[in-house]
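Visitor: Starting off with a structure, shown below.
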Amino acid sequence: MTRTRDDDACPGALQVHTAADGLLARLRLPGGMIGAGQLEALAHTAAEYGNGTLELTARGNLQLRGVRDADAVADAADAAGLLPSPSHERVRNIVASPLSGRVGGLADVRPWVGELDSAIQADAVLAGLPGRFMFGLDDGTGDISGLRADVGAHVLGERAALLLAGQDTGVRRQLDEVVPALLAVARRFVEVRGKAWRVAELDDPTDLVAGFEATEPAGATYPPVRRAPVGWIPQDDGLVALGAGVPLGVLSARQAEFVAAIEAPVVITPWRSLLVCDLAEGVADTSLRVLAPMGLVFDENSRWLDVTACVGSPGCERSLADVRAEATRAVSADTAGGQVHYVGCERACGSPVSGTVLVATEDGFRVRGE
């Protein structure tokens, strides 16, 4: 990979990015988890100080575009409890199985999310992680391990496999040893990374687990999950989760307010969708009837679940096309075919692990790598 800069400009709530359409602030949501009150606060903040939308990222985070007052956004995030550590706010990148503890899985990884997040914030060394470094917690369903987090744990039963960039290292840890192991690897990465931002960029990633004994063959990987869980999802406890696709990952402030009004736990998934959890059937039914006409996607056959895009023009000065408009046309004409990600330049921001990436050129779009 050719670097155009050595410093880490990955945006956060305090270190914002200047885009063509204004400032961009990104809020980390460990495990994608956000409370109804927090979501409502961000919806109001986006309407008052941004472009009136919340963007869902491929790491289960939220970002505001077109920000006119960065200090006001940071203050609102802090007041909502979404900025617990100014020194570590950009390194709290934790993806976790979105339905863990509610549907299937071999273990509930939700407690690990809180434990890992607290430990990251308490460790001064880990403030030196790049903003792109990602932790992954897979409950055994295989939904997260395919995202190739820099360091991850994949539950196998009473033990978990330790992964680097999505690849099994052969190291196994007892479940109560998972978080300490992830932290140890992250600290080692800070020590040896040089100018690398991701584990996959290291000459020898296995150096990160040199202090662990591998008891199983290394090298196994997990296939990426291509689609978000959508629709009516029965939970193991008899309650219901509603999975909602968000076209192009752009949630309007009004949609967010209505989701928040359900007053239920929300999970932002790495597939730019959201889950509204722990609902009684009557509440789920009413919520579905309200949210579907507002443009959220509950149909598992919808083409919107296969099509994503970077921001494109006019939001990004590097983009050669309005890629969101192109993606919308493709969905409307049902011509996209398979999983497709539209990007405005070779940087290919937000590209999924699998699928086709179409890059804008002066003469239209071409498949990346061809």
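FYI, nothing fancy with the structure tokens labels: chains A, B, ... in order, residues from 1 per chain, ligands from 1 as they appear.
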What are the nearest atom pairs, with distances in Å to one decimal, for all residues of segment 177-296 of chain A that come at most 9 Å from segment 108-127 of chain A, using only C-alpha atoms, set out by chain and rising residue number as a Markdown table?
Guide:
```
| residue | atom | partner | partner_atom | distance |
| --- | --- | --- | --- | --- |
| A:Val178 | CA | A:Trp112 | CA | 8.3 |
| A:Val179 | CA | A:Leu116 | CA | 5.9 |
| A:Pro180 | CA | A:Leu116 | CA | 8.3 |
| A:Leu182 | CA | A:Leu116 | CA | 8.3 |
| A:Leu183 | CA | A:Ile120 | CA | 7.5 |
| A:Ala186 | CA | A:Leu126 | CA | 7.2 |
| A:Arg187 | CA | A:Leu126 | CA | 6.3 |
| A:Val190 | CA | A:Leu126 | CA | 7.1 |
| A:Glu191 | CA | A:Val125 | CA | 8.9 |
```
Visitor: Could you pull out all residues of segment 228-360 of chain A with a DSSP call of helix (DSSP H, G or I) and give them as a PyMOL selection string?
Guide: chain A and resi 247-249+253-261+281-294+303-305+323-333
Visitor: Deliver the residues from the most recent selection as a file, using N, CA, C and O atoms, as a short mmCIF file (atom, residue, chain, number, x, y, z; two decimals), in the first residue's frame.
Guide:
```
data_model
loop_
_atom_site.label_atom_id
_atom_site.label_comp_id
_atom_site.auth_asym_id
_atom_site.auth_seq_id
_atom_site.Cartn_x
_atom_site.Cartn_y
_atom_site.Cartn_z
N PRO A 247 -30.71 2.61 3.50
CA PRO A 247 -30.16 2.83 2.17
C PRO A 247 -28.95 3.75 2.16
O PRO A 247 -29.00 4.87 2.68
N LEU A 248 -27.85 3.23 1.62
CA LEU A 248 -26.57 3.90 1.51
C LEU A 248 -26.04 4.35 2.87
O LEU A 248 -25.15 5.20 2.96
N GLY A 249 -26.59 3.78 3.94
CA GLY A 249 -26.10 4.09 5.28
C GLY A 249 -26.42 5.49 5.76
O GLY A 249 -25.82 5.96 6.72
N ALA A 253 -32.27 12.58 10.32
CA ALA A 253 -32.51 12.90 11.73
C ALA A 253 -33.93 12.52 12.13
O ALA A 253 -34.16 12.03 13.24
N ARG A 254 -34.87 12.69 11.23
CA ARG A 254 -36.26 12.35 11.54
C ARG A 254 -36.41 10.84 11.73
O ARG A 254 -37.08 10.38 12.66
N GLN A 255 -35.79 10.05 10.85
CA GLN A 255 -35.84 8.59 11.02
C GLN A 255 -35.21 8.20 12.36
O GLN A 255 -35.74 7.36 13.09
N ALA A 256 -34.07 8.80 12.68
CA ALA A 256 -33.39 8.49 13.93
C ALA A 256 -34.26 8.84 15.13
O ALA A 256 -34.30 8.09 16.12
N GLU A 257 -34.97 9.93 15.06
CA GLU A 257 -35.85 10.33 16.17
C GLU A 257 -36.96 9.31 16.37
O GLU A 257 -37.32 8.98 17.52
N PHE A 258 -37.52 8.80 15.28
CA PHE A 258 -38.58 7.81 15.40
C PHE A 258 -38.05 6.49 15.95
O PHE A 258 -38.73 5.81 16.73
N VAL A 259 -36.83 6.10 15.54
CA VAL A 259 -36.23 4.90 16.09
C VAL A 259 -35.99 5.09 17.59
O VAL A 259 -36.29 4.21 18.41
N ALA A 260 -35.49 6.24 17.97
CA ALA A 260 -35.23 6.52 19.38
C ALA A 260 -36.51 6.53 20.20
O ALA A 260 -36.51 6.13 21.38
N ALA A 261 -37.61 6.95 19.58
CA ALA A 261 -38.89 7.05 20.30
C ALA A 261 -39.41 5.68 20.75
O ALA A 261 -40.27 5.61 21.63
N GLU A 281 -43.85 -8.23 21.13
CA GLU A 281 -44.37 -8.39 19.77
C GLU A 281 -45.26 -7.22 19.34
O GLU A 281 -45.19 -6.76 18.20
N GLY A 282 -46.11 -6.75 20.24
CA GLY A 282 -46.99 -5.64 19.89
C GLY A 282 -46.22 -4.38 19.56
O GLY A 282 -46.55 -3.67 18.59
N VAL A 283 -45.19 -4.10 20.34
CA VAL A 283 -44.36 -2.92 20.09
C VAL A 283 -43.60 -3.09 18.78
O VAL A 283 -43.47 -2.14 17.99
N ALA A 284 -43.09 -4.29 18.54
CA ALA A 284 -42.36 -4.55 17.29
C ALA A 284 -43.27 -4.36 16.08
O ALA A 284 -42.87 -3.76 15.07
N ASP A 285 -44.49 -4.85 16.18
CA ASP A 285 -45.43 -4.73 15.07
C ASP A 285 -45.73 -3.27 14.77
O ASP A 285 -45.71 -2.83 13.61
N THR A 286 -46.02 -2.50 15.81
CA THR A 286 -46.31 -1.08 15.62
C THR A 286 -45.11 -0.33 15.06
O THR A 286 -45.24 0.50 14.15
N SER A 287 -43.93 -0.63 15.60
CA SER A 287 -42.71 0.03 15.14
C SER A 287 -42.45 -0.26 13.67
O SER A 287 -42.06 0.64 12.90
N LEU A 288 -42.64 -1.50 13.28
CA LEU A 288 -42.43 -1.88 11.88
C LEU A 288 -43.37 -1.12 10.96
O LEU A 288 -42.96 -0.63 9.89
N ARG A 289 -44.61 -0.98 11.36
CA ARG A 289 -45.59 -0.27 10.54
C ARG A 289 -45.28 1.22 10.41
O ARG A 289 -45.62 1.85 9.41
N VAL A 290 -44.62 1.77 11.42
CA VAL A 290 -44.25 3.18 11.37
C VAL A 290 -42.97 3.40 10.59
O VAL A 290 -42.86 4.33 9.76
N LEU A 291 -41.96 2.57 10.81
CA LEU A 291 -40.64 2.81 10.23
C LEU A 291 -40.54 2.43 8.76
O LEU A 291 -39.81 3.07 8.00
N ALA A 292 -41.24 1.38 8.34
CA ALA A 292 -41.14 0.94 6.94
C ALA A 292 -41.56 2.04 5.96
O ALA A 292 -40.85 2.28 4.96
N PRO A 293 -42.68 2.74 6.17
CA PRO A 293 -43.05 3.80 5.23
C PRO A 293 -42.08 4.99 5.25
O PRO A 293 -42.12 5.82 4.33
N MET A 294 -41.23 5.07 6.26
CA MET A 294 -40.27 6.17 6.34
C MET A 294 -39.00 5.89 5.54
O MET A 294 -38.10 6.74 5.48
N ARG A 303 -32.88 -4.79 -2.93
CA ARG A 303 -31.58 -4.53 -3.55
C ARG A 303 -30.75 -3.55 -2.73
O ARG A 303 -29.52 -3.50 -2.86
N TRP A 304 -31.41 -2.77 -1.85
CA TRP A 304 -30.65 -1.84 -1.03
C TRP A 304 -29.68 -2.56 -0.10
O TRP A 304 -28.70 -1.95 0.36
N LEU A 305 -29.90 -3.81 0.16
CA LEU A 305 -29.00 -4.55 1.04
C LEU A 305 -27.71 -4.96 0.34
O LEU A 305 -26.77 -5.42 0.99
N VAL A 323 -21.68 9.44 -6.70
CA VAL A 323 -21.81 7.99 -6.66
C VAL A 323 -23.09 7.54 -5.95
O VAL A 323 -23.65 6.47 -6.25
N ARG A 324 -23.56 8.33 -5.01
CA ARG A 324 -24.82 7.97 -4.35
C ARG A 324 -25.99 8.04 -5.32
O ARG A 324 -26.89 7.19 -5.29
N ALA A 325 -25.96 9.02 -6.18
CA ALA A 325 -27.01 9.11 -7.20
C ALA A 325 -26.91 7.93 -8.16
O ALA A 325 -27.93 7.36 -8.57
N GLU A 326 -25.69 7.54 -8.52
CA GLU A 326 -25.50 6.40 -9.42
C GLU A 326 -25.98 5.11 -8.76
O GLU A 326 -26.63 4.27 -9.39
N ALA A 327 -25.66 4.94 -7.48
CA ALA A 327 -26.11 3.76 -6.75
C ALA A 327 -27.63 3.71 -6.66
O ALA A 327 -28.24 2.65 -6.81
N THR A 328 -28.24 4.85 -6.44
CA THR A 328 -29.70 4.92 -6.36
C THR A 328 -30.33 4.55 -7.69
O THR A 328 -31.33 3.82 -7.75
N ARG A 329 -29.73 5.02 -8.79
CA ARG A 329 -30.24 4.66 -10.12
C ARG A 329 -30.13 3.15 -10.35
O ARG A 329 -31.02 2.52 -10.92
N ALA A 330 -29.02 2.58 -9.91
CA ALA A 330 -28.81 1.14 -10.10
C ALA A 330 -29.86 0.34 -9.35
O ALA A 330 -30.38 -0.66 -9.85
N VAL A 331 -30.17 0.76 -8.13
CA VAL A 331 -31.19 0.06 -7.36
C VAL A 331 -32.56 0.22 -8.01
O VAL A 331 -33.33 -0.74 -8.13
N SER A 332 -32.87 1.44 -8.44
CA SER A 332 -34.18 1.70 -9.06
C SER A 332 -34.37 0.90 -10.33
O SER A 332 -35.46 0.39 -10.61
N ALA A 333 -33.29 0.75 -11.10
CA ALA A 333 -33.36 0.00 -12.35
C ALA A 333 -33.11 -1.48 -12.15
O ALA A 333 -33.23 -2.26 -13.09
#
```
Visitor: Neighbouring residues of Ala244 of chain A were defined as those with any atom within 7 Å, considering only C-alpha atoms; residues of the same chain fewer than 3 positions away were excluded. Please report them as a VMD selection string.
Guide: chain A and resid 230 to 231 273 to 275 296 to 298
Visitor: If DSSP is run on the backbone, what residues of segment 253-355 of chain A are strand (DSSP E)? A reply as an NGL selection string would be ideal.
Guide: :A and (266-268 or 273-279 or 307-309 or 340-343)
Visitor: For segment 208-214 of chain A, find every residue with an atom within 8 Å (counting only C-alpha atoms), except residues of its own chain fewer than 3 positions away, and show them as a PyMOL selection string.
Guide: chain A and resi 169-172+185+188-189+205+217-218
Visitor: Do you know which residues are at most 8 Å from Leu156 of chain A counting only C-alpha atoms, after dropping those on the same chain fewer than 4 positions away, and could you put them as a PyMOL selection string?
Guide: chain A and resi 106+140+160-161
Visitor: State, in Å with one decimal place, the distance from atom CA of Cys316 of chain A to atom CA of Gly344 of chain A.
Guide: 8.3 Å
Visitor: Enter the distance from atom CA of Asp150 of chain A to atom CA of Trp271 of chain A, in Å, rounded to one decimal.
Guide: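 Value for the atom CA of Asp150 of chain A-atom CA of Trp271 of chain A distance: 17.8 Å.
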Visitor: Can you tell me, as a PyMOL selection string, what residues are no more than 12 Å from Ala76 of chain A when counting only C-alpha atoms, ignoring any on the same chain fewer than 4 positions away?
Guide: chain A and resi 13-14+25+27+37-46+48-49+69-72+80-83
Visitor: If you count only C-alpha atoms, which residues fall within 6 Å of segment 307-310 of chain A, apart from same-chain ones fewer than 6 positions away, as number ranges by chain?
Guide: A: 248, 324, 339-343, 349
